[in-house]
>>> print(open('coords-v3.cif').read())   # mmCIF, C-alpha atoms
data_start
loop_
_atom_site.label_atom_id
_atom_site.label_comp_id
_atom_site.auth_asym_id
_atom_site.auth_seq_id
_atom_site.Cartn_x
_atom_site.Cartn_y
_atom_site.Cartn_z
CA MET A 1 74.17 102.52 162.67
CA ALA A 2 74.26 99.43 160.45
CA ARG A 3 70.98 97.63 159.94
CA TYR A 4 72.72 94.29 159.29
CA ASP A 5 75.78 92.61 160.74
CA VAL A 6 76.42 90.67 157.53
CA PHE A 7 75.39 91.09 153.90
CA LEU A 8 76.07 87.78 152.17
CA VAL A 9 77.10 87.62 148.49
CA SER A 10 77.18 84.27 146.65
CA ALA A 11 76.45 82.72 143.28
CA LEU A 12 73.03 81.26 142.58
CA ALA A 13 74.54 77.80 142.19
CA ASP A 14 75.92 77.96 145.78
CA GLU A 15 72.49 78.53 147.37
CA GLU A 16 72.67 75.35 149.50
CA LYS A 17 76.04 76.19 151.09
CA ALA A 18 75.10 79.83 151.48
CA SER A 19 71.88 78.89 153.32
CA LEU A 20 73.87 76.67 155.70
CA ILE A 21 76.23 79.53 156.61
CA VAL A 22 73.29 81.91 157.06
CA ARG A 23 71.53 79.52 159.46
CA ARG A 24 74.65 79.09 161.59
CA LEU A 25 75.33 82.81 161.77
CA ARG A 26 71.72 83.59 162.66
CA ALA A 27 71.87 80.94 165.40
CA LEU A 28 74.63 83.07 166.92
CA LYS A 29 72.26 86.10 166.81
CA PHE A 30 73.97 87.80 163.88
CA LYS A 31 71.63 89.84 161.71
CA VAL A 32 72.27 88.50 158.20
CA ARG A 33 70.85 89.89 154.94
CA TYR A 34 70.60 87.17 152.30
CA ASP A 35 68.32 87.25 149.25
CA LYS A 36 67.50 83.59 148.78
CA LYS A 37 64.98 84.36 146.02
CA ARG A 38 67.37 86.41 143.89
CA GLU A 39 67.08 85.80 140.14
CA HIS A 40 68.73 88.90 138.66
CA THR A 41 72.41 88.86 137.71
CA THR A 42 72.94 92.62 137.55
CA PRO A 43 73.25 94.54 140.85
CA THR A 44 70.25 96.71 141.63
CA PRO A 45 70.20 99.94 143.67
CA LYS A 46 68.67 97.94 146.52
CA ASP A 47 71.64 95.53 146.46
CA TYR A 48 74.04 98.43 146.87
CA ARG A 49 71.92 99.98 149.64
CA ASP A 50 71.82 96.70 151.56
CA ALA A 51 75.60 96.38 151.20
CA ASP A 52 76.08 99.93 152.50
CA ASN A 53 73.76 99.22 155.46
CA ALA A 54 75.80 96.18 156.54
CA GLN A 55 78.79 96.19 158.87
CA SER A 56 80.45 93.42 156.85
CA VAL A 57 79.98 92.13 153.29
CA LEU A 58 80.73 88.40 153.23
CA VAL A 59 81.62 87.11 149.73
CA LEU A 60 81.59 83.34 149.09
CA TRP A 61 84.11 82.47 146.39
CA SER A 62 83.68 79.19 144.51
CA LYS A 63 84.11 77.71 141.07
CA GLU A 64 80.73 79.16 140.05
CA SER A 65 81.29 82.65 141.43
CA CYS A 66 84.79 82.83 139.91
CA ASP A 67 83.63 81.80 136.41
CA THR A 68 83.64 85.18 134.66
CA SER A 69 82.02 83.69 131.55
CA LYS A 70 78.70 83.59 133.43
CA SER A 71 76.58 86.65 134.11
CA ASP A 72 75.97 85.60 137.72
CA SER A 73 79.71 85.93 138.37
CA ASP A 74 79.43 89.59 137.31
CA TRP A 75 76.90 90.18 140.11
CA VAL A 76 79.29 88.67 142.69
CA HIS A 77 82.30 90.60 141.41
CA ALA A 78 80.42 93.91 141.24
CA LEU A 79 79.33 93.74 144.89
CA ALA A 80 82.75 92.46 145.96
CA HIS A 81 84.39 95.50 144.32
CA HIS A 82 81.80 97.76 145.98
CA ALA A 83 82.56 96.30 149.42
CA ARG A 84 86.32 96.45 148.86
CA SER A 85 86.03 100.18 148.13
CA ARG A 86 84.99 100.67 151.79
CA ASP A 87 87.71 100.20 154.35
CA GLY A 88 87.29 97.21 156.68
CA VAL A 89 84.00 95.93 155.20
CA LEU A 90 84.93 93.03 152.88
CA LEU A 91 85.16 89.48 154.25
CA GLN A 92 85.98 86.54 151.96
CA VAL A 93 85.26 82.82 152.23
CA GLY A 94 86.53 80.01 150.03
CA LEU A 95 83.92 77.30 149.54
CA ASP A 96 86.43 75.21 147.53
CA LYS A 97 90.01 75.49 146.35
CA THR A 98 89.19 77.93 143.52
CA VAL A 99 91.25 81.13 143.70
CA PRO A 100 89.47 84.36 142.64
CA ASP A 101 91.14 86.83 140.31
CA GLU A 102 92.98 89.93 141.44
CA PRO A 103 92.69 91.91 143.60
CA PHE A 104 90.62 89.45 145.64
CA SER A 105 93.29 86.77 145.41
CA GLN A 106 95.57 89.00 147.51
CA ASP A 107 93.09 89.40 150.39
CA LYS A 108 92.55 86.95 153.22
CA ARG A 109 90.00 84.18 152.72
CA TYR A 110 88.51 81.85 155.35
CA PRO A 111 88.48 78.29 153.98
CA LEU A 112 85.18 76.50 154.55
CA ALA A 113 85.73 73.56 152.20
CA GLY A 114 84.36 70.37 153.76
CA MET A 115 81.95 72.09 156.18
CA GLY A 116 78.51 70.51 156.40
CA PRO A 117 75.38 70.53 158.55
CA ARG A 118 77.08 68.42 161.26
CA LYS A 119 80.71 69.28 160.63
CA LEU A 120 82.54 72.49 161.41
CA VAL A 121 85.98 73.47 160.14
CA GLU A 122 88.62 75.74 161.60
CA GLY A 123 87.98 78.44 159.02
CA TYR A 124 84.42 78.81 160.33
CA PHE A 125 85.63 79.45 163.89
CA ASP A 126 88.05 82.07 162.61
CA LEU A 127 85.29 83.73 160.60
CA VAL A 128 82.99 83.87 163.64
CA ASP A 129 85.76 85.35 165.78
CA GLU A 130 86.33 88.10 163.19
CA LEU A 131 82.63 88.89 162.95
CA GLY A 132 82.41 88.97 166.76
CA ARG A 133 85.41 91.29 166.97
CA ARG A 134 83.79 93.73 164.51
CA ASP A 135 80.55 93.64 166.48
CA GLY A 136 82.18 93.90 169.92
CA ARG A 137 81.40 90.30 170.94
CA LYS A 138 83.83 87.87 172.56
CA ASP A 139 84.29 84.15 173.16
CA LEU A 140 81.86 83.02 170.50
CA ARG A 141 84.06 79.99 169.83
CA ASP A 142 83.47 78.85 173.42
CA TRP A 143 79.72 79.10 172.90
CA ILE A 144 79.88 77.08 169.67
CA GLU A 145 81.84 74.32 171.34
CA LEU A 146 79.24 73.89 174.08
CA LYS A 147 76.92 70.93 173.58
CA ALA A 148 73.23 71.55 173.20
CA SER A 149 72.52 69.55 176.36
CA ASP A 150 75.06 71.52 178.44
CA LYS A 151 72.57 73.96 179.98
CA GLU A 152 74.81 74.69 182.96
CA GLY A 153 77.73 75.63 180.73
CA LYS A 154 75.51 77.94 178.68
CA GLU A 155 74.26 79.67 181.82
CA VAL A 156 77.85 80.23 182.95
CA TRP A 157 78.72 81.69 179.53
CA LYS A 158 75.69 84.03 179.64
CA GLU A 159 76.63 85.25 183.10
CA ALA A 160 80.12 86.03 181.78
CA HIS A 161 78.70 87.89 178.77
CA PRO A 162 75.49 89.60 179.98
CA THR A 163 75.38 92.12 177.11
CA ASP A 164 75.80 89.59 174.33
CA PRO A 165 72.69 88.98 172.17
CA LEU A 166 72.90 85.28 173.12
CA SER A 167 72.37 86.23 176.74
CA GLN A 168 69.31 88.30 176.08
CA ALA A 169 66.09 86.48 176.87
CA PRO A 170 63.59 86.60 174.04
CA LYS A 171 60.83 89.07 174.58
CA PRO A 172 57.62 87.28 175.53
CA LYS A 173 54.73 87.78 173.23
CA PRO A 174 52.02 89.89 174.83
CA LYS A 175 49.01 87.85 175.87
CA ALA A 176 45.62 89.01 174.82
CA SER A 177 43.84 90.19 177.97
CA ALA A 178 40.22 89.29 178.52
CA PRO A 179 37.91 92.16 177.67
CA THR A 180 36.07 93.89 180.50
CA LYS A 181 32.31 93.96 180.76
CA THR A 182 32.19 97.47 179.37
CA GLU A 183 34.42 96.54 176.41
CA ALA A 184 32.35 93.42 175.76
CA ALA A 185 29.12 95.45 175.82
CA VAL A 186 30.56 98.05 173.46
CA ALA A 187 31.82 95.34 171.11
CA ALA A 188 28.41 93.63 171.14
CA SER A 189 26.61 96.89 170.39
CA VAL A 190 29.01 97.66 167.55
CA ALA A 191 28.51 94.18 166.09
CA THR A 192 24.72 94.54 166.37
CA ALA A 193 24.81 97.94 164.67
CA ALA A 194 27.02 96.58 161.89
CA ALA A 195 24.70 93.63 161.35
CA ALA A 196 21.70 95.95 161.26
CA ALA A 197 23.43 98.18 158.72
CA VAL A 198 24.19 95.20 156.49
CA ALA A 199 20.80 93.46 156.83
CA PRO A 200 18.11 94.79 154.45
CA ALA A 201 15.21 96.70 155.99
CA PRO A 202 11.94 94.73 156.17
CA VAL A 203 9.40 95.66 153.51
CA ALA A 204 5.78 96.05 154.65
CA PRO A 205 3.34 93.91 152.64
CA VAL A 206 1.13 95.86 150.23
CA PRO A 207 -2.58 95.05 150.73
CA PRO A 208 -4.37 93.87 147.57
CA ILE A 209 -6.58 96.43 145.82
CA THR A 210 -10.20 95.25 145.63
CA PRO A 211 -12.84 97.03 143.50
CA PRO A 212 -15.73 98.64 145.36
CA SER A 213 -18.55 96.19 145.86
CA VAL A 214 -21.98 97.00 144.47
CA PRO A 215 -24.99 95.82 146.46
CA LYS A 216 -26.79 92.90 144.87
CA GLN A 217 -30.12 94.75 144.88
CA THR A 218 -28.61 97.65 142.94
CA GLU A 219 -27.19 95.21 140.38
CA ASP A 220 -30.64 93.58 139.94
CA VAL A 221 -32.29 96.96 139.39
CA LEU A 222 -29.70 98.52 137.06
CA GLY A 223 -29.07 95.44 134.94
CA PRO A 224 -32.18 95.54 132.70
CA TYR A 225 -31.95 99.32 132.22
CA MET A 226 -28.36 99.11 131.10
CA LEU A 227 -29.11 96.31 128.65
CA GLY A 228 -32.06 98.29 127.22
CA ALA A 229 -29.96 101.40 126.76
CA VAL A 230 -27.24 99.42 124.97
CA GLY A 231 -29.86 97.86 122.68
CA ILE A 232 -31.34 101.26 121.79
CA VAL A 233 -27.90 102.59 120.91
CA ILE A 234 -27.20 99.59 118.66
CA VAL A 235 -30.58 99.93 116.82
CA GLY A 236 -29.97 103.65 116.32
CA MET A 237 -26.56 102.98 114.84
CA LEU A 238 -28.01 100.40 112.45
CA LEU A 239 -30.75 102.81 111.28
CA LEU A 240 -28.24 105.61 110.77
CA SER A 241 -25.99 103.30 108.80
CA ALA A 242 -28.93 102.15 106.63
CA GLY A 243 -29.89 105.73 105.83
CA LEU A 244 -26.37 106.69 104.86
CA ARG A 245 -25.97 103.67 102.65
CA THR A 246 -29.32 104.36 100.90
CA GLN A 247 -28.28 107.91 100.06
CA ALA A 248 -24.97 106.69 98.71
CA GLY A 249 -26.61 104.04 96.48
CA LEU A 250 -25.17 101.19 98.55
CA PRO A 251 -26.96 98.22 100.00
CA ALA A 252 -28.92 99.31 103.10
CA ILE A 253 -29.10 97.26 106.24
CA SER A 254 -32.55 96.98 107.68
CA ALA A 255 -33.30 97.14 111.35
CA GLY A 256 -33.98 93.42 111.32
CA GLY A 257 -30.53 92.73 110.04
CA GLY A 258 -31.47 91.92 106.38
CA ALA A 259 -30.00 93.75 103.43
CA ALA A 260 -32.32 95.56 100.90
CA LEU A 261 -30.72 96.42 97.54
CA VAL A 262 -31.46 99.84 95.98
CA GLU A 263 -32.92 99.46 92.46
CA GLN A 264 -30.28 100.07 89.84
CA CYS A 265 -30.58 100.27 86.00
CA PRO A 266 -28.92 97.79 83.71
CA ALA A 267 -26.07 99.14 81.63
CA GLY A 268 -27.27 101.33 78.69
CA GLN A 269 -30.73 102.23 80.12
CA MET A 270 -32.02 105.40 81.78
CA PRO A 271 -33.52 105.32 85.25
CA ALA A 272 -37.32 105.36 85.28
CA TYR A 273 -37.46 108.42 87.49
CA LEU A 274 -35.94 110.51 84.67
CA LEU A 275 -38.85 109.63 82.38
CA GLU A 276 -41.55 110.55 84.88
CA GLU A 277 -43.65 113.77 84.38
CA ARG A 278 -42.21 116.79 86.07
CA ASP A 279 -44.02 119.02 88.48
CA PRO A 280 -45.23 122.25 86.64
CA ALA A 281 -43.81 124.31 89.38
CA VAL A 282 -40.39 123.05 88.47
CA LEU A 283 -38.58 125.37 86.01
CA GLU A 284 -38.09 123.96 82.52
CA PRO A 285 -35.18 124.87 80.28
CA GLY A 286 -35.96 127.65 77.65
CA PRO A 287 -35.27 127.69 73.91
CA ILE A 288 -31.73 127.63 72.71
CA ILE A 289 -30.69 131.13 71.42
CA ASP A 290 -28.11 131.43 68.70
CA ASP A 291 -25.94 134.30 69.80
CA THR A 292 -23.45 133.89 66.96
CA ASP A 293 -25.49 136.21 64.54
CA ASP A 294 -24.03 139.74 64.15
CA THR A 295 -27.40 141.32 63.37
CA PRO A 296 -28.41 143.35 66.39
CA PRO A 297 -31.86 142.83 67.77
CA PRO A 298 -34.58 145.47 67.07
CA GLY A 299 -34.20 148.75 68.94
CA VAL A 300 -30.47 148.61 69.06
CA LEU A 301 -28.61 151.46 67.19
CA GLU A 302 -26.20 150.43 64.50
CA PRO A 303 -22.92 152.22 64.14
CA GLY A 304 -22.69 154.78 61.18
CA PRO A 305 -19.96 155.16 58.57
CA ILE A 306 -16.56 156.34 59.68
CA ILE A 307 -15.90 159.98 58.48
CA ASP A 308 -12.32 161.14 57.98
CA ASP A 309 -12.24 164.73 59.26
CA THR A 310 -8.52 165.14 58.98
CA ASP A 311 -8.77 166.16 55.27
CA ASP A 312 -8.33 170.03 54.86
CA GLY A 313 -9.76 170.10 51.24
#
>>> encode(input="coords-v3.cif", output="structure tokens")
Amino acid sequence: MARYDVFLVSALADEEKASLIVRRLRALKFKVRYDKKREHTTPTPKDYRDADNAQSVLVLWSKESCDTSKSDSDWVHALAHHARSRDGVLLQVGLDKTVPDEPFSQDKRYPLAGMGPRKLVEGYFDLVDELGRRDGRKDLRDWIELKASDKEGKEVWKEAHPTDPLSQAPKPKPKASAPTKTEAAVAASVATAAAAAVAPAPVAPVPPITPPSVPKQTEDVLGPYMLGAVGIVIVGMLLLSAGLRTQAGLPAISAGGGAALVEQCPAGQMPAYLLEERDPAVLEPGPIIDDTDDTPPPGVLEPGPIIDDTDDG
């Protein structure tokens, strides 16, 4: 079954006239496929599918669509040839007096030159009758000739054609029914749960950490002892430092904080302590022995002459 009653083919330059025809056909409840936003000039697979899904392919011939020097004319001709290849599908309209090339010049065309928003021409009535015949509809000319204010005449026509799409009352839009108490409660609980899921969880405040308090009496008792202990440690460190510096020949720091310099000799002089008398118990160096003499000391045997005992004489 065809999805469309009419697939309309026209040049881009004829968009205004094509839109007028589409509005009039849709007012008669014809399902019309018209790509008002088309910009391409080469048929696409979708163009061919839409043409195949239509009961009739309506081609609007004009000066623009017949001008083969323009690429848009190629789009019109390609779809016109495609529709002509199917028996009983092609319908042609002449928007002006321009005659298309063969083989389209040999087929019937419905002249619509001079038709406007408020003016209809005989060719339009003939076109509507042919479309109605293909779709199994009758007396569409009578409906067109009825005035908009002639409600009684339209009712008579509808009674005579009960199966026509014009006689079918539009389907009322379903009204949104009021939710029941149960539905409202469920919706409220869902909304509350969603809000709770989105809202961040409250963070409990962290109590400040306070150091343990020491009783005032304990502070009064321990204070002097702690200061005394710190002072003793400092004095001990000073004494230790003074002793180390004295041994190393460096300025010593006294316990009172003053510096006492170790006695040092001027350059080129010997320290006085080297000239002081030594303790007898201290070992003194002995005489210097010359051990370079080859004469052995008394009591040591001297080597004798070397005797050659290898001589047999």
>>> closest_residue(input="coords-v3.cif", among="A:Val93, A:Ala80, A:Glu130, A:Ile234", to="Leu112 in chain A", atoms="only C-alpha atoms")
A:Val93
>>> closest_residue(input="coords-v3.cif", among="A:Tyr124, A:Arg86, A:Leu79, A:Asp74", to="Ile21 in chain A", atoms="all atoms listed in the file")
A:Tyr124
>>> closest_residue(input="coords-v3.cif", among="A:Pro165, A:Pro45, A:Gly123, A:Gly114", to="Gly136 in chain A", atoms="all atoms listed in the file")
A:Pro165
>>> closest_residue(input="coords-v3.cif", among="A:Leu28, A:Ala229, A:Leu12, A:Leu90", to="Lys108 in chain A", atoms="only C-alpha atoms")
A:Leu90
>>> residues_around(input="coords-v3.cif", residues="Ala160 in chain A", least_positions_apart="2", cutoff="12 Å", atoms="all atoms listed in the file", output="count of residues only")
17
>>> residues_around(input="coords-v3.cif", residues="range 65-73 of chain A", least_positions_apart="2", cutoff="9 Å", atoms="all atoms listed in the file", output="list of chain:residue names")
A:Ser10, A:Ala11, A:Leu12, A:Ala13, A:Asp14, A:His40, A:Thr41, A:Thr42, A:Leu60, A:Trp61, A:Ser62, A:Lys63, A:Trp75, A:Val76, A:His77, A:Ala78, A:Thr98, A:Val99, A:Pro100, A:Asp101
>>> atom_distance(input="coords-v3.cif", atom1="CA of Asp5 in chain A", atom2="CA of Thr44 in chain A")
20.3 Å
>>> atom_distance(input="coords-v3.cif", atom1="CA of Ser105 in chain A", atom2="CA of Arg23 in chain A")
26.9 Å
>>> atom_distance(input="coords-v3.cif", atom1="CA of Lys147 in chain A", atom2="CA of Lys17 in chain A")
23.1 Å
>>> closest_residue(input="coords-v3.cif", among="A:Leu227, A:Ala51, A:Pro117, A:Pro43", to="Ser19 in chain A", atoms="all atoms listed in the file")
A:Pro117
>>> residues_near_point(input="coords-v3.cif", point="(86.5, 90.3, 152.5)", cutoff="12 Å", atoms="all atoms listed in the file", output="ChimeraX atom specification")
/A:6-9,55-61,77,79-94,100,103-110,127,130-131
>>> closest_residue(input="coords-v3.cif", among="A:Val32, A:Ala169, A:Ile144, A:Val235", to="Lys119 in chain A", atoms="all atoms listed in the file")
A:Ile144
